[in-house]
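This report concerns only the one structure given below.
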Amino acid sequence: MNSTCIIGFDSAWANKAPGAICALIQRADGNIDFIPPQPVQFDEALSFIKTRSEQCDACLVALDQPTIVPNARGFRPVEKVAGQVLGYLGGGVQPANRMKKGLFDDAAPIWSFKTSLSATECPETSRKAETGLFIIEVFPALALPGLNDAFHGRLKAPKYNPVNKKGPPNRKKFRTEDWLAVLETIKVFGETAPIEGVSVWAQEMQQLSSPTKGDQDCVDAVICALTGYHWRTSSRENSILIGDLDHGYMIVPTHKMLTERIKAAAEERVVPFK
């Protein structure tokens with residue numbers, strides 16, 4: 001059994017504020033180490049990935065940011081599907097297009113990050129590769145109803161974004177009970193996998209009295225890592241690839257009800273999925 005590194009990176013999209021990054025290191029003996037999330041800018045993320053990937057035979061970076069954005073304006077096809085599904089669940093999607101300066105224009109940091117990373121972007125190959133560095137795009141908001149079917153249903157999407165850096169959280173985007181439910185989802189995943197460090201970390205995060213936006217970035221980084229781990233270790237039928245490598249895509253952990261909803265939205269909008 002080769003060693004594998006799964007890295008979860010919530011990039012926060014631009015370089016104005018830090019995102020967060022974490023890692024799961026699956027050793028050759030099958031044991032899994034958890035490196036808790038830490039705040040990073042893109043250059044720090046590159047250093048983190050380089051260090052961790054050199055310790056393993058295969059490395060998969062699960063990134064919460066669009067990695068393929070060819071469209072000049074509007075939404076990518078995959079975002080139209082995700083938006084339709086999340087609209088039902090009570091969430092939303094930010095469009096990715098080249099008109100967004102600092103985010104997806106030619107000078108945006110995501111492109112120099114990808115160039116410096118020099119990772120292979122081939123999701124299907126990344127599932128079983130025993131060597132190499134790979135990258136996939138994931139989306140925590142859509143991953144959560146796949147990881148916990150309690151979040152699947154009309155307006156069931158958890159509101160766990162504190163939004164404000166100072167002062168009380170915005171109630172429209174944050175509910176304490178949802179914050180705790182998201183962390184419980186992470187905790188249960190860690191116990192089931194099993195990845196002891198993940199479940200312990202989630203329990204500690206549940207004790208926070210006033211979580212911040214930075215704390216939420218850390219949570220999203222862990223969700224990214226768990227999505228990558230799920231992609232690598234679970235049966236292919238338990239994940240969906242929405243979109244394609246020409247127009248943009250997302251990897252989503254799923255279950256029967258969510259699969260049916262995604263399938264209906266993708267067929268309606270003539271967007272590939274598998």
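For the structure tokens, the naming scheme is as follows: chains receive sequential letters (A, B, ...) according to their order of presentation, residues are indexed from 1 within each chain, and ligands are indexed from 1 in presentation order.
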Shell of 6 Å around Ile251 in chain A, only C-alpha atoms, local chain residues under 2 positions omitted, as a list in words: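 Final neighbour list, sorted by chain and number: Val138, Ile240 and Leu241 of chain A.
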Please save N, CA and C atoms of the selected residues as a PDB file, in the first residue's frame.
```pdb
ATOM      1  N   VAL A 138     -13.641  21.148  -5.752  1.00  0.00           N
ATOM      2  CA  VAL A 138     -14.738  20.687  -4.899  1.00  0.00           C
ATOM      3  C   VAL A 138     -15.506  21.905  -4.394  1.00  0.00           C
ATOM      4  N   ILE A 240     -20.276  12.251  -7.710  1.00  0.00           N
ATOM      5  CA  ILE A 240     -20.676  12.713  -9.037  1.00  0.00           C
ATOM      6  C   ILE A 240     -19.672  13.747  -9.525  1.00  0.00           C
ATOM      7  N   LEU A 241     -19.323  13.658 -10.798  1.00  0.00           N
ATOM      8  CA  LEU A 241     -18.546  14.679 -11.469  1.00  0.00           C
ATOM      9  C   LEU A 241     -19.527  15.463 -12.338  1.00  0.00           C
TER      10      LEU A 241
END
```
Shell around Lys274 in chain A at 12 Å using only C-alpha atoms, local window under 6 positions removed, as a PyMOL selection string: chain A and resi 123-124+236-244+249-254+259-260+262-263+266-267
Report the residues of range 18-261 of chain A whose backbone DSSP state falls under helix (DSSP H, G or I), written as a short mmCIF file (atom, residue, chain, number, x, y, z; two decimals) with N, CA and C atoms, in the first residue's frame.
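Written output follows (states.cif):
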```
data_model
loop_
_atom_site.label_atom_id
_atom_site.label_comp_id
_atom_site.auth_asym_id
_atom_site.auth_seq_id
_atom_site.Cartn_x
_atom_site.Cartn_y
_atom_site.Cartn_z
N PHE A 42 -1.82 32.00 -1.02
CA PHE A 42 -1.48 31.04 -2.08
C PHE A 42 -0.03 30.58 -2.00
N ASP A 43 0.90 31.51 -1.75
CA ASP A 43 2.31 31.10 -1.72
C ASP A 43 2.59 30.16 -0.56
N GLU A 44 1.93 30.41 0.57
CA GLU A 44 2.09 29.53 1.73
C GLU A 44 1.45 28.17 1.47
N ALA A 45 0.35 28.17 0.72
CA ALA A 45 -0.30 26.92 0.36
C ALA A 45 0.61 26.08 -0.53
N LEU A 46 1.30 26.73 -1.45
CA LEU A 46 2.23 26.01 -2.33
C LEU A 46 3.33 25.33 -1.52
N SER A 47 3.85 26.06 -0.54
CA SER A 47 4.91 25.49 0.30
C SER A 47 4.38 24.31 1.12
N PHE A 48 3.18 24.46 1.67
CA PHE A 48 2.55 23.40 2.45
C PHE A 48 2.37 22.15 1.58
N ILE A 49 1.83 22.33 0.37
CA ILE A 49 1.58 21.20 -0.52
C ILE A 49 2.89 20.53 -0.93
N LYS A 50 3.90 21.33 -1.24
CA LYS A 50 5.20 20.77 -1.64
C LYS A 50 5.76 19.90 -0.51
N THR A 51 5.73 20.42 0.70
CA THR A 51 6.26 19.68 1.84
C THR A 51 5.53 18.37 2.05
N ARG A 52 4.20 18.41 2.03
CA ARG A 52 3.41 17.22 2.31
C ARG A 52 3.49 16.22 1.16
N SER A 53 3.46 16.71 -0.07
CA SER A 53 3.48 15.79 -1.22
C SER A 53 4.79 15.04 -1.32
N PRO A 77 -21.43 26.38 -16.78
CA PRO A 77 -22.52 25.39 -16.78
C PRO A 77 -22.64 24.62 -15.48
N VAL A 78 -21.50 24.22 -14.89
CA VAL A 78 -21.56 23.46 -13.63
C VAL A 78 -22.19 24.28 -12.52
N GLU A 79 -21.97 25.61 -12.54
CA GLU A 79 -22.54 26.48 -11.50
C GLU A 79 -24.05 26.63 -11.67
N LYS A 80 -24.52 26.52 -12.89
CA LYS A 80 -25.97 26.59 -13.10
C LYS A 80 -26.65 25.36 -12.50
N VAL A 81 -26.00 24.22 -12.63
CA VAL A 81 -26.54 22.99 -12.02
C VAL A 81 -26.46 23.09 -10.50
N ALA A 82 -25.28 23.45 -9.99
CA ALA A 82 -25.10 23.58 -8.55
C ALA A 82 -26.05 24.62 -7.98
N GLY A 83 -26.23 25.72 -8.70
CA GLY A 83 -27.11 26.79 -8.23
C GLY A 83 -28.56 26.34 -8.15
N GLN A 84 -29.01 25.54 -9.12
CA GLN A 84 -30.38 25.04 -9.10
C GLN A 84 -30.59 24.11 -7.91
N VAL A 85 -29.63 23.24 -7.67
CA VAL A 85 -29.74 22.30 -6.54
C VAL A 85 -29.68 23.05 -5.21
N LEU A 86 -28.71 23.95 -5.08
CA LEU A 86 -28.56 24.68 -3.83
C LEU A 86 -29.70 25.67 -3.60
N GLY A 87 -30.29 26.16 -4.68
CA GLY A 87 -31.45 27.03 -4.53
C GLY A 87 -32.58 26.32 -3.82
N TYR A 88 -32.78 25.06 -4.16
CA TYR A 88 -33.79 24.25 -3.49
C TYR A 88 -33.41 24.02 -2.03
N LEU A 89 -32.12 23.82 -1.79
CA LEU A 89 -31.66 23.53 -0.43
C LEU A 89 -31.59 24.77 0.45
N PRO A 109 -4.51 35.32 -8.88
CA PRO A 109 -3.52 34.42 -8.26
C PRO A 109 -3.79 32.94 -8.45
N ILE A 110 -5.04 32.56 -8.73
CA ILE A 110 -5.34 31.14 -8.91
C ILE A 110 -4.54 30.56 -10.08
N TRP A 111 -4.31 31.35 -11.13
CA TRP A 111 -3.64 30.80 -12.32
C TRP A 111 -2.14 30.62 -12.08
N SER A 112 -1.51 31.58 -11.42
CA SER A 112 -0.09 31.39 -11.11
C SER A 112 0.09 30.27 -10.08
N PHE A 113 -0.89 30.12 -9.17
CA PHE A 113 -0.86 29.01 -8.22
C PHE A 113 -0.88 27.68 -8.95
N LYS A 114 -1.81 27.53 -9.89
CA LYS A 114 -1.91 26.27 -10.63
C LYS A 114 -0.65 26.00 -11.45
N THR A 115 -0.11 27.06 -12.06
CA THR A 115 1.11 26.88 -12.86
C THR A 115 2.27 26.42 -11.98
N SER A 116 2.43 27.07 -10.82
CA SER A 116 3.51 26.70 -9.91
C SER A 116 3.31 25.31 -9.32
N LEU A 117 2.06 24.97 -9.06
CA LEU A 117 1.75 23.67 -8.49
C LEU A 117 2.08 22.55 -9.47
N PRO A 123 -9.63 14.21 -12.91
CA PRO A 123 -10.30 13.65 -11.74
C PRO A 123 -10.39 12.13 -11.71
N GLU A 124 -10.75 11.53 -12.82
CA GLU A 124 -10.92 10.07 -12.82
C GLU A 124 -9.60 9.36 -12.55
N THR A 125 -8.52 9.85 -13.12
CA THR A 125 -7.21 9.25 -12.87
C THR A 125 -6.79 9.45 -11.42
N SER A 126 -7.15 10.60 -10.85
CA SER A 126 -6.73 10.91 -9.48
C SER A 126 -7.34 9.97 -8.46
N ARG A 127 -8.42 9.30 -8.80
CA ARG A 127 -9.09 8.40 -7.85
C ARG A 127 -8.20 7.23 -7.44
N LYS A 128 -7.50 6.66 -8.39
CA LYS A 128 -6.76 5.42 -8.12
C LYS A 128 -5.26 5.53 -8.35
N PRO A 140 -17.66 22.84 -0.86
CA PRO A 140 -18.20 22.41 0.44
C PRO A 140 -19.70 22.54 0.59
N ALA A 141 -20.30 23.62 0.07
CA ALA A 141 -21.74 23.82 0.22
C ALA A 141 -22.54 22.69 -0.41
N LEU A 142 -22.03 22.13 -1.51
CA LEU A 142 -22.72 21.02 -2.17
C LEU A 142 -22.24 19.67 -1.65
N ALA A 143 -21.06 19.66 -1.04
CA ALA A 143 -20.56 18.41 -0.45
C ALA A 143 -21.34 18.04 0.80
N LEU A 144 -21.73 19.04 1.59
CA LEU A 144 -22.38 18.75 2.87
C LEU A 144 -23.65 17.93 2.75
N PRO A 145 -24.59 18.25 1.82
CA PRO A 145 -25.77 17.39 1.72
C PRO A 145 -25.45 16.00 1.20
N GLY A 146 -24.27 15.83 0.58
CA GLY A 146 -23.84 14.51 0.17
C GLY A 146 -23.23 13.72 1.31
N LEU A 147 -22.62 14.42 2.24
CA LEU A 147 -22.00 13.76 3.39
C LEU A 147 -23.00 13.50 4.51
N ASP A 149 -27.28 13.38 4.77
CA ASP A 149 -28.55 13.57 4.08
C ASP A 149 -29.55 14.40 4.89
N ALA A 150 -29.22 14.72 6.16
CA ALA A 150 -30.07 15.62 6.94
C ALA A 150 -30.05 17.03 6.35
N PHE A 151 -29.01 17.34 5.56
CA PHE A 151 -28.91 18.65 4.91
C PHE A 151 -29.58 18.65 3.54
N THR A 176 -26.15 28.94 15.08
CA THR A 176 -25.29 28.13 15.93
C THR A 176 -25.58 26.65 15.79
N GLU A 177 -26.88 26.30 15.72
CA GLU A 177 -27.24 24.89 15.60
C GLU A 177 -26.72 24.28 14.30
N ASP A 178 -26.65 25.10 13.23
CA ASP A 178 -26.12 24.60 11.95
C ASP A 178 -24.60 24.44 12.02
N TRP A 179 -23.94 25.40 12.66
CA TRP A 179 -22.49 25.30 12.86
C TRP A 179 -22.15 24.00 13.57
N LEU A 180 -22.88 23.70 14.63
CA LEU A 180 -22.64 22.48 15.39
C LEU A 180 -22.97 21.23 14.57
N ALA A 181 -24.01 21.32 13.73
CA ALA A 181 -24.40 20.17 12.91
C ALA A 181 -23.35 19.87 11.84
N VAL A 182 -22.77 20.92 11.26
CA VAL A 182 -21.70 20.72 10.27
C VAL A 182 -20.50 20.05 10.93
N LEU A 183 -20.13 20.52 12.11
CA LEU A 183 -19.00 19.92 12.82
C LEU A 183 -19.31 18.49 13.26
N GLU A 184 -20.57 18.22 13.60
CA GLU A 184 -20.96 16.85 13.94
C GLU A 184 -20.82 15.94 12.73
N THR A 185 -21.15 16.47 11.55
CA THR A 185 -20.99 15.71 10.31
C THR A 185 -19.51 15.35 10.10
N ILE A 186 -18.63 16.33 10.32
CA ILE A 186 -17.20 16.09 10.19
C ILE A 186 -16.73 15.07 11.24
N LYS A 187 -17.22 15.22 12.46
CA LYS A 187 -16.84 14.32 13.55
C LYS A 187 -17.24 12.88 13.23
N VAL A 188 -18.46 12.69 12.76
CA VAL A 188 -18.94 11.34 12.43
C VAL A 188 -18.12 10.75 11.28
N PHE A 189 -17.79 11.56 10.29
CA PHE A 189 -16.95 11.09 9.19
C PHE A 189 -15.62 10.61 9.73
N GLY A 190 -15.02 11.42 10.62
CA GLY A 190 -13.73 11.05 11.20
C GLY A 190 -13.80 9.76 11.98
N GLU A 191 -14.90 9.54 12.69
CA GLU A 191 -15.06 8.31 13.47
C GLU A 191 -15.28 7.11 12.57
N THR A 192 -15.96 7.31 11.46
CA THR A 192 -16.30 6.21 10.55
C THR A 192 -15.11 5.80 9.70
N GLU A 196 -8.94 9.58 13.50
CA GLU A 196 -9.14 10.05 14.87
C GLU A 196 -8.90 11.55 15.01
N GLY A 197 -7.87 12.05 14.38
CA GLY A 197 -7.54 13.47 14.51
C GLY A 197 -8.66 14.37 14.05
N VAL A 198 -9.38 13.96 13.00
CA VAL A 198 -10.49 14.77 12.48
C VAL A 198 -11.62 14.86 13.50
N SER A 199 -11.98 13.74 14.08
CA SER A 199 -13.10 13.75 15.03
C SER A 199 -12.74 14.55 16.29
N VAL A 200 -11.51 14.45 16.74
CA VAL A 200 -11.07 15.21 17.91
C VAL A 200 -11.09 16.70 17.60
N TRP A 201 -10.57 17.07 16.44
CA TRP A 201 -10.57 18.48 16.03
C TRP A 201 -11.99 19.03 15.95
N ALA A 202 -12.91 18.27 15.36
CA ALA A 202 -14.29 18.72 15.23
C ALA A 202 -14.92 18.94 16.60
N GLN A 203 -14.65 18.06 17.53
CA GLN A 203 -15.17 18.22 18.89
C GLN A 203 -14.64 19.51 19.53
N GLU A 204 -13.38 19.80 19.31
CA GLU A 204 -12.80 21.02 19.86
C GLU A 204 -13.43 22.25 19.24
N MET A 205 -13.70 22.21 17.95
CA MET A 205 -14.32 23.35 17.27
C MET A 205 -15.76 23.56 17.74
N GLN A 206 -16.42 22.49 18.15
CA GLN A 206 -17.78 22.62 18.66
C GLN A 206 -17.82 23.40 19.97
N LYS A 213 -15.08 34.10 10.82
CA LYS A 213 -14.98 33.73 9.41
C LYS A 213 -13.74 32.86 9.18
N GLY A 214 -12.65 33.15 9.89
CA GLY A 214 -11.46 32.32 9.78
C GLY A 214 -11.70 30.90 10.23
N ASP A 215 -12.53 30.73 11.27
CA ASP A 215 -12.88 29.38 11.73
C ASP A 215 -13.68 28.64 10.65
N GLN A 216 -14.57 29.37 9.99
CA GLN A 216 -15.35 28.75 8.92
C GLN A 216 -14.47 28.33 7.75
N ASP A 217 -13.44 29.15 7.44
CA ASP A 217 -12.50 28.77 6.40
C ASP A 217 -11.81 27.46 6.75
N CYS A 218 -11.48 27.29 8.03
CA CYS A 218 -10.84 26.05 8.48
C CYS A 218 -11.80 24.87 8.33
N VAL A 219 -13.06 25.08 8.67
CA VAL A 219 -14.06 24.02 8.50
C VAL A 219 -14.18 23.64 7.04
N ASP A 220 -14.23 24.63 6.16
CA ASP A 220 -14.35 24.34 4.73
C ASP A 220 -13.13 23.60 4.20
N ALA A 221 -11.95 23.95 4.71
CA ALA A 221 -10.74 23.23 4.29
C ALA A 221 -10.84 21.75 4.66
N VAL A 222 -11.37 21.47 5.85
CA VAL A 222 -11.52 20.08 6.26
C VAL A 222 -12.57 19.37 5.40
N ILE A 223 -13.66 20.06 5.07
CA ILE A 223 -14.68 19.47 4.19
C ILE A 223 -14.07 19.15 2.83
N CYS A 224 -13.21 20.04 2.33
CA CYS A 224 -12.51 19.78 1.07
C CYS A 224 -11.68 18.50 1.17
N ALA A 225 -10.94 18.37 2.26
CA ALA A 225 -10.10 17.19 2.45
C ALA A 225 -10.94 15.92 2.53
N LEU A 226 -12.05 15.98 3.25
CA LEU A 226 -12.92 14.81 3.37
C LEU A 226 -13.55 14.45 2.02
N THR A 227 -13.86 15.48 1.23
CA THR A 227 -14.39 15.22 -0.11
C THR A 227 -13.35 14.51 -0.97
N GLY A 228 -12.10 14.97 -0.88
CA GLY A 228 -11.02 14.30 -1.61
C GLY A 228 -10.80 12.88 -1.13
N TYR A 229 -10.86 12.68 0.18
CA TYR A 229 -10.71 11.34 0.75
C TYR A 229 -11.85 10.44 0.28
N HIS A 230 -13.07 10.96 0.30
CA HIS A 230 -14.24 10.21 -0.17
C HIS A 230 -14.08 9.83 -1.63
N TRP A 231 -13.60 10.77 -2.44
CA TRP A 231 -13.38 10.53 -3.87
C TRP A 231 -12.38 9.40 -4.08
N ARG A 232 -11.36 9.36 -3.25
CA ARG A 232 -10.31 8.36 -3.40
C ARG A 232 -10.71 6.99 -2.86
N THR A 233 -11.51 6.95 -1.80
CA THR A 233 -11.72 5.70 -1.08
C THR A 233 -13.10 5.08 -1.23
N ARG A 236 -17.19 4.58 -6.73
CA ARG A 236 -17.41 5.66 -7.70
C ARG A 236 -18.86 6.12 -7.72
N GLU A 237 -19.79 5.22 -7.49
CA GLU A 237 -21.21 5.57 -7.52
C GLU A 237 -21.60 6.50 -6.38
N ASN A 238 -20.71 6.67 -5.41
CA ASN A 238 -20.99 7.55 -4.28
C ASN A 238 -20.49 8.97 -4.49
N LYS A 256 -28.40 8.71 -2.91
CA LYS A 256 -29.45 8.51 -3.90
C LYS A 256 -30.31 9.75 -4.14
N MET A 257 -30.81 10.38 -3.07
CA MET A 257 -31.70 11.53 -3.24
C MET A 257 -30.98 12.70 -3.90
N LEU A 258 -29.75 12.98 -3.45
CA LEU A 258 -29.01 14.09 -4.02
C LEU A 258 -28.62 13.79 -5.46
N THR A 259 -28.25 12.55 -5.74
CA THR A 259 -27.91 12.16 -7.11
C THR A 259 -29.07 12.42 -8.05
N GLU A 260 -30.25 12.05 -7.65
CA GLU A 260 -31.43 12.26 -8.49
C GLU A 260 -31.68 13.75 -8.75
N ARG A 261 -31.47 14.57 -7.73
CA ARG A 261 -31.68 16.01 -7.89
C ARG A 261 -30.64 16.62 -8.83
#
```
Å distance separating CA of Thr67 in chain A from CA of Asp246 in chain A, one decimal place: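 Interatomic distance here is 10.8 Å.
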Point-to-point distance from CA of Ala119 in chain A to CA of Arg73 in chain A, Å rounded to tenths: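 Going from CA of Ala119 in chain A over to CA of Arg73 in chain A, I get 26.4 Å.
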DSSP strand (DSSP E or B) selection over range 52-196 of chain A, as a PyMOL selection string: chain A and resi 58-63+120+132-138+160+174
Selected residues, C-alpha atoms, written as a PDB file, in the first residue's frame, please.
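To be explicit, this is the file written out as selection-v4.pdb:
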```pdb
ATOM      1  CA  ALA A  58       0.449  10.211  -4.346  1.00  0.00           C
ATOM      2  CA  CYS A  59      -1.042  13.583  -3.437  1.00  0.00           C
ATOM      3  CA  LEU A  60      -4.508  14.952  -4.214  1.00  0.00           C
ATOM      4  CA  VAL A  61      -5.320  18.631  -3.680  1.00  0.00           C
ATOM      5  CA  ALA A  62      -9.068  19.220  -3.233  1.00  0.00           C
ATOM      6  CA  LEU A  63      -9.536  22.925  -3.896  1.00  0.00           C
ATOM      7  CA  THR A 120      -2.372  16.922 -13.101  1.00  0.00           C
ATOM      8  CA  GLY A 132       1.790  11.763  -8.759  1.00  0.00           C
ATOM      9  CA  LEU A 133       0.306  15.127  -7.784  1.00  0.00           C
ATOM     10  CA  PHE A 134      -3.312  15.847  -8.710  1.00  0.00           C
ATOM     11  CA  ILE A 135      -5.842  18.627  -8.243  1.00  0.00           C
ATOM     12  CA  ILE A 136      -9.648  18.591  -8.275  1.00  0.00           C
ATOM     13  CA  GLU A 137     -12.295  21.259  -7.748  1.00  0.00           C
ATOM     14  CA  VAL A 138     -14.738  20.687  -4.899  1.00  0.00           C
ATOM     15  CA  TYR A 160     -22.589  28.216   9.114  1.00  0.00           C
ATOM     16  CA  PHE A 174     -25.203  31.777  10.476  1.00  0.00           C
TER      17      PHE A 174
END
```
Counting only C-alpha atoms, the residue of A:Gly19, A:Gly90, A:Pro95, A:Pro194 that sits nearest Gly153 in chain A: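 Result for the nearest residue to Gly153 in chain A: A:Gly90.
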Pairwise distance for CA of Pro162 in chain A and CA of Ile35 in chain A, rounded to one decimal in Å: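 Going from CA of Pro162 in chain A over to CA of Ile35 in chain A, I get 23.7 Å.
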Shell around Leu245 in chain A at 9 Å using only C-alpha atoms, local window under 3 positions removed, as a PyMOL selection string: chain A and resi 68+121-122+248-249
Nearest residue to Ala96 in chain A from the set A:Ile21, A:Asn161, A:Trp13, A:Thr4 (distances using only C-alpha atoms):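 The shortest atom-to-atom distance to Ala96 in chain A comes from A:Trp13.
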